[in-house]
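J.: Before we start, here is the structure in question, set down as structure tokens.
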Amino acid sequence: MEIKGDKIIKEPLVAPDLVLADVNRDVCRPLESFPSRKWYICLAIALSALSVGAMMVTGLIGKGIGVTGLNQPVGWGAFDITNFVFWIGIGHAGTLISAILYLFRQKWRTAINRSAEAMTIFAVMTAGIFPLLHVGRQWYAFWLFPYPNQRLLWVNFRSPLLWDVFAVSTYFTISLLFWYTGLVPDLASVRDRCKNRVRKFIYTVLSMGWRGSARHWNHYEMAYLLLAALSTPLVLSVHSIVSFDFAVSILPGWHTTIFPPYFVAGAIFSGFAMVVTLLIIAREVFNLKKYISLYHLENMTKIMLLTGMMVGYAYLMELFIAWYSGSPNERFIFLNRLSGPFAWAYWIMMSCNVLVPQVFWVKKWRRSVPVMFVCSLLINIGMWFERFTIIVTSLHRDFLPSSWDSYFPTRYDWGITLGSFGFFFTFFLIFCRVLPTIAMFEVKSIMKIGRKESGAEMYAGVVARTD
Amino acid sequence: MIPKPQSFELSGKLKTLFGAFVAVGLITFIVGLKTGPDRAWSNFLLEYFYWLCLGLSGVFFAALQHITASYWSVTVRRVGEAFIAYLPVAVVLFVVLLFGLHHLYEWTHLNVVEHDPILSMKKGYLNVPFFVIRAILLFAVALGLGGWMIRNSIRQDKSGDPRLTLLNTKISAPFLLLFAVTFTLVAVDLMMSLAPHWFSTIFGVYCWAGLFYSGLAMMAIWVIALRKKGMLAEFVTDDHLHDLGKLMFAFLVFWGYVAFSQYMLIWYANLPEETPYMITRVSGAWKPVSTALMVVKFVIPFFLLVARPAKRRDGWLMFVAFWFLAAQWLDIYWMVFPAHFDKPVFGFMEIGMFLGFAGIFSLCVGGFLKRVSTVAVKDPWLEQCLHHHQ
Amino acid sequence: MNNKKEKGILAVFDHPNRLLAAVKKVRQAGIRKLDTFTPYAIHGLDHAAGLKRSWIPYATLILSLTGWCLGFLFQAWTSAVDWPLNVGGKPFVSWPAFIPITFESMVLIGGVSTVLILFITCGLPNRKLPALDPRFTDDRFGLFVDKNDPYFDEAKLRHLLKECDAEEIKNVA
């Protein structure tokens with residue numbers, strides 16, 4: 001924002017010299033040309049990581065989950081559940097951008113929502129792997145669903161682990177539909193640009209014959225709004241339910257009422273860090289700086305600052321109430337976090353999640369790409385350690401000192417974690433090649449068409465009603 | 001073209017009415033102190049916290065609009081800002097509240113604390129001097145930083161200096177941060193420490209959800225009332241009401257989410273440290289109140305407000321806003337009264353005290369709006385706001 | 001183009017405001033059978049083209065509430081009727097524990113049916129009607145007037161559309 005006369009001028013959302021026809025051309029370019037060397041190198045790295053993970057998963061399924069660092073009492077191991085919560089959290093930023101910012105009419109979201117939503121879907125897929133591995137006999141994983149069976153038994157609807165099954169599968173389904181609905185008009189754009197017959201056929205099928213009729217737009221906009229309105233509480237519910245996995249227990253450090261909003265804030269926090277990391281690379285590689293400008297990145301750093309503070313509030317509240325409760329178990333578990341054998345993880349979490357985002361108070365650093373990039377990586381590390389801290393420190397020293405133990409991850413833990421990143425990035429890299437990474441039709445609707453008529457600047461999307 | 005807002009003044013009739021409310025409140029309070037001081041003080045605390053939240057809600061709303069650089073809200077912001085006029089009165093009433101601490105809070109009974117191992121562990125926090133300091137901190141943030149923000153907004157009415165808007169955007173960030181911390185502490189002090197053994201980490205968020213829930217409703221009432229008088233007619237369209245209504249709906253759902261999270265987690269874990277608070281409220285004589293709270297604060301208004309026309313028709317929205325205020329009262333009643341009473345009590349005392357505080361609040365806000373323009377007329381985003389469409 | 005269903009006139013515009021003005025004029029001329037094709041949704045165009053607010057929200061609301069009820073009833077039935085099982089001393093119908101899945105089934109049924117209803121009302125997947133011009137998903141705005149409209153008069157329409165600064169006017173047959 002800057003001041004001109006007695007007006008405040010907001011920064012333009014897309015570079016002002018662009019015209020409508022540029023959007024399709026620029027965004028579709030990666031789809032219509034051969035991939036660059038950089039892309040192949042990235043894909044090679046991702047696939048190597050994925051294959052390491054695949055090897056470890058094979059070993060784990062063959063030998064059983066005892067090969068990981070799980071033990072008594074750390075039965076929820078750092079890696080399977082930590083990674084599950086971490087990846088689910090990553091997904092939340094996509095839904096926040098696509099649904100919540102839509103409801104709040106934050107128009108800057110148009111440049112980033114497509115890739116963020118794609119990230120959501122891949123992150124949820126990645127997250128889903130971990131509980132499936134963790135159940136032990138993976139070939140019976142379908143028992144998680146309530147279906148009439150020979151044992152005449154139903155699943156236990158009073159268990160938060162089952163709530164997770166429903167929450168995660170609903171989240172995946174709705175995110176996918178939301179994403180696909182948003183893609184339809186853009187797929188039609190890609191279809192209409194295709195020269196190759198095979199490509200044309202594929203995009204024709206995918207776009208379902210969309211032709212941009214006014215009647216369709218009328219229903220489309222409404223359905224999109226409704227999906228946003230349904231996704232907004234959905235995204236809150238998903239991470240809340242993940243937090244219930246911990247919070248309904250009686251374990252100090254797990255059972256605390258602030259967990260639901262705290263987990264949601266943390267999820268959005270880490271998700272935004274991941275979006276920033278990915279977009280900084282994507283705008284560079286695919287030359288999209290005119291669409292994803294510093295303004296967008298700055299807004300994202302502001303959200304990171306905000307959600308970082310929310311998480312910080314929750315950390316402080318937990319500490320305060322642990323002291324205030326006067327309960328020796330509560331007090332001990334937090335003392336153990338601060339100064340016990342896993343204190344290093346706690347302090348990594350504190351410094352990465354609370355201190356690091358403070359640099360974003362300074363406008364210069366909010367607009368510096370290297371600063372943002374480093375901070376977003378640190379925040380992701382911090383958020384990973386947050387889940388690690390919550391899980392391991394509460395479990396390894398519970399009520400009975402005689403059953404205390406420590407926790408040591410094995411190569412299976414590390415390998416599968418590495419593999420999950422490979423899995424996620426493989427999908428993301430393929431997405432960048434086959435689908436438009438920016439919601440073209442939404443970007444067009446916020447563009448200034450750049451022509452002045454009757455003194456007023458005309459916007460592409462906004463035409464004032466005259467009646 | 002920006003229309004000129006009309007000046008506002010409470011009509012003579014209304015002034016008399018609100019004055020009478022204050023008198024009724026004062027009389028019931030004095031009579032109550034003679035006949036049943038516990039009940040009188042419980043009512044005082046209930047009303048104190050209720051109206052304190054409303055007073056704070058306007059400042060919070062203004063800060064939220066500044067930090068997000070929103071333009072839809074420019075025409076309704078001043079009404080919210082006017083709520084700050086109640087806060088100086090709240091400071092005075094806080095001094096009155098100090099006289100009732102002994103009736104309200106178990107932790108002020110030092111002989112009880114001595115013999116209670118848990119309470120004696122909390123002495124470092126739950127003591128009167130620190131209690132006062134925390135309240136002073138909240139008032140310092142709200143009246144200091146918040147007051148500064150609102151003074152800037154009023155100064156802009158004359159100068160039209162856009163730098164004031166940018167300054168307010170800068171102030172709003174630290175304000176919101178400090179507000180979150182200090183409000184949480186005061187909510188813990190005033191409400192949570194009524195049951196000094198009980199604790200819940202979400203409590204600050206719960207109280208804040210209620211604060212904004214009722215604050216938005218109060219804003220809607222004033223905005224619609226002014227609009228019906230023709231004072232905001234050129235400024236506040238149905239589209240603005242629609243946005244206000246949508247925010248009310250959002251915070252209705254948010255309150256439901258927070259309340260459910262708190263209740264379900266305590267119910268599920270069923271720990272002896274936490275559950276007594278809920279058992280008192282969801283069983284026995286208090287059970288109907290808890291059920292009513294859920295239905296009145298969430299279920300009914302959800303259906304009252306879910307449809308699009310409900311948020312756009314001013315009469316209906318005003319009705320729902322009054323409903324919200326009643327529901328918020330029930331919520332705080334639900335927090336305060338079970339701490340001291342075995343069964344629900346309701347009578348002239350509760351009504352009288354409510355009217356008394358309502359009178360004070362309305363006179364403060366009315367007086368403030370008389371002194372300033374009812375719309376931030378030179379806000380740089382006013383013109384955009386006037387052309388706001390859904 | 002092998003268009004079997006649509007016959008009429010198609011005008012191409014280079015700016016949404018021109019399209020909007022043209023739609024208003026054409027409707028003033030009494031024509032109702034018209035459609036526009038735009039690369040993105042244009043505010044105010046639905047209104048100008050005489051389209052009412054979409055009715056989908058009502059369907060979504062009803063189906064979501066249905067999902068809510070079904071989700072709750074299913075859990076209550078399995079936990080309390082079909083095989084009552086005491087878990088942790090909690091009541092058979094533990095409503096607080098049922099809320100999360102109840103909510104998820106509301107969102108799932110509400111969301112999936114919203115998308116399905118959208119596709120069905122828009123006639124998607126649509127194999128019969130081809131895109132009238134590939135530029136309508138890029139940067140041009142089209143107005144199509146159906147030949148079957150009682151007020152259809154080709155010469156007059158062409159004149160009118162020309163006045164509205166149509167970039168191109170062509171017959172669709």
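Ordering of the structure tokens sets the chain letters (A, B, ...), residue numbers begin anew at 1 in every chain, and ligands are numbered from 1 in the order given.
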Within 6 Å of chain A, which residues of chain C show up? Give each one with its shortest atom-to-atom distance in Å (one decimal) and the two atoms involved, counting only C-alpha atoms, rows by chain then rising residue number, as a tab-separated table.
T.:
residue	atom	partner	partner_atom	distance
C:Thr36	CA	A:Ala214	CA	5.3
C:Phe37	CA	A:Ser213	CA	4.5
C:Thr38	CA	A:Gly212	CA	5.3
C:Tyr40	CA	A:Phe441	CA	5.1
C:Ala41	CA	A:Trp217	CA	5.7
C:Ile42	CA	A:Gly461	CA	5.3
C:His43	CA	A:Val462	CA	5.7
C:Gly44	CA	A:Arg465	CA	5.7
C:Ser54	CA	A:His219	CA	5.4
C:Ala97	CA	A:Arg158	CA	5.3
C:Ile101	CA	A:Trp163	CA	5.8
C:Leu108	CA	A:Thr170	CA	5.7
C:Cys122	CA	A:His216	CA	5.5
C:Leu124	CA	A:Met208	CA	5.9
C:Pro125	CA	A:Met208	CA	4.3
C:Asn126	CA	A:Gly209	CA	4.9
C:Ala131	CA	A:Arg211	CA	5.5
C:Pro134	CA	A:Asp192	CA	5.2
C:Thr137	CA	A:Ser189	CA	4.9
C:Asp139	CA	A:Ala21	CA	5.4
J.: List the neighbours of stretch 48-50 of chain C out to 8 Å using only C-alpha atoms; skip same-chain residues closer than 5 positions along the sequence, and give me the result as a VMD selection string.
T.: (chain A and resid 214) or (chain C and resid 20 23 to 24 27 34 to 35)
J.: Nearest to chain A among B:Val128, B:Val258, B:Ala292, B:Ala307, with distances taken over only C-alpha atoms: which residue is it?
T.: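 With only C-alpha atoms as the atom set, the closest residue is B:Val258.
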J.: Select residues of chain C: the criterion is any atom within 10 Å of an atom of chain B, counting only C-alpha atoms; output as a list of chain:residue names.
T.: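 Within 10 Å of chain B on chain C, we get C:His43, C:Pro57, C:Tyr58, C:Leu61, C:Gly88, C:Lys90, C:Ser94, C:Trp95, C:Pro96, C:Ala97, C:Ile99.
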J.: Go ahead and save the residues from that selection, with N, CA and C atoms, as a JSON list (two decimals), in the first residue's frame.
T.:
[["chain", "number", "residue", "atom", "x", "y", "z"],
["C", 43, "HIS", "N", -19.64, -10.52, -13.44],
["C", 43, "HIS", "CA", -20.66, -10.05, -12.50],
["C", 43, "HIS", "C", -21.68, -9.19, -13.22],
["C", 57, "PRO", "N", -28.32, -23.73, -3.73],
["C", 57, "PRO", "CA", -28.18, -23.69, -2.25],
["C", 57, "PRO", "C", -29.28, -24.44, -1.51],
["C", 58, "TYR", "N", -30.49, -24.37, -2.02],
["C", 58, "TYR", "CA", -31.59, -25.04, -1.31],
["C", 58, "TYR", "C", -31.36, -26.55, -1.30],
["C", 61, "LEU", "N", -28.56, -27.37, 1.10],
["C", 61, "LEU", "CA", -28.98, -27.31, 2.50],
["C", 61, "LEU", "C", -29.74, -28.56, 2.89],
["C", 88, "GLY", "N", -15.58, -48.34, 27.40],
["C", 88, "GLY", "CA", -15.09, -47.36, 28.38],
["C", 88, "GLY", "C", -16.19, -46.78, 29.25],
["C", 90, "LYS", "N", -18.91, -45.60, 28.48],
["C", 90, "LYS", "CA", -19.66, -44.49, 27.87],
["C", 90, "LYS", "C", -21.05, -44.98, 27.48],
["C", 94, "SER", "N", -23.57, -42.09, 22.67],
["C", 94, "SER", "CA", -22.72, -41.04, 23.22],
["C", 94, "SER", "C", -22.72, -39.89, 22.22],
["C", 95, "TRP", "N", -23.67, -39.00, 22.34],
["C", 95, "TRP", "CA", -23.77, -38.00, 21.27],
["C", 95, "TRP", "C", -22.51, -37.16, 21.08],
["C", 96, "PRO", "N", -21.78, -36.78, 22.16],
["C", 96, "PRO", "CA", -20.58, -35.97, 21.86],
["C", 96, "PRO", "C", -19.58, -36.73, 20.98],
["C", 97, "ALA", "N", -19.50, -38.06, 21.19],
["C", 97, "ALA", "CA", -18.55, -38.83, 20.40],
["C", 97, "ALA", "C", -19.05, -39.06, 18.98],
["C", 99, "ILE", "N", -20.64, -36.68, 17.19],
["C", 99, "ILE", "CA", -20.69, -35.42, 16.42],
["C", 99, "ILE", "C", -19.64, -35.38, 15.30]]
J.: I need the chain A residues near chain B as a ChimeraX atom specification; criterion: at most 9 Å, counting only C-alpha atoms.
T.: /A:1-8,233,236-237,240,244,247-250,255-261,309,313-314,317-318,320-327,464
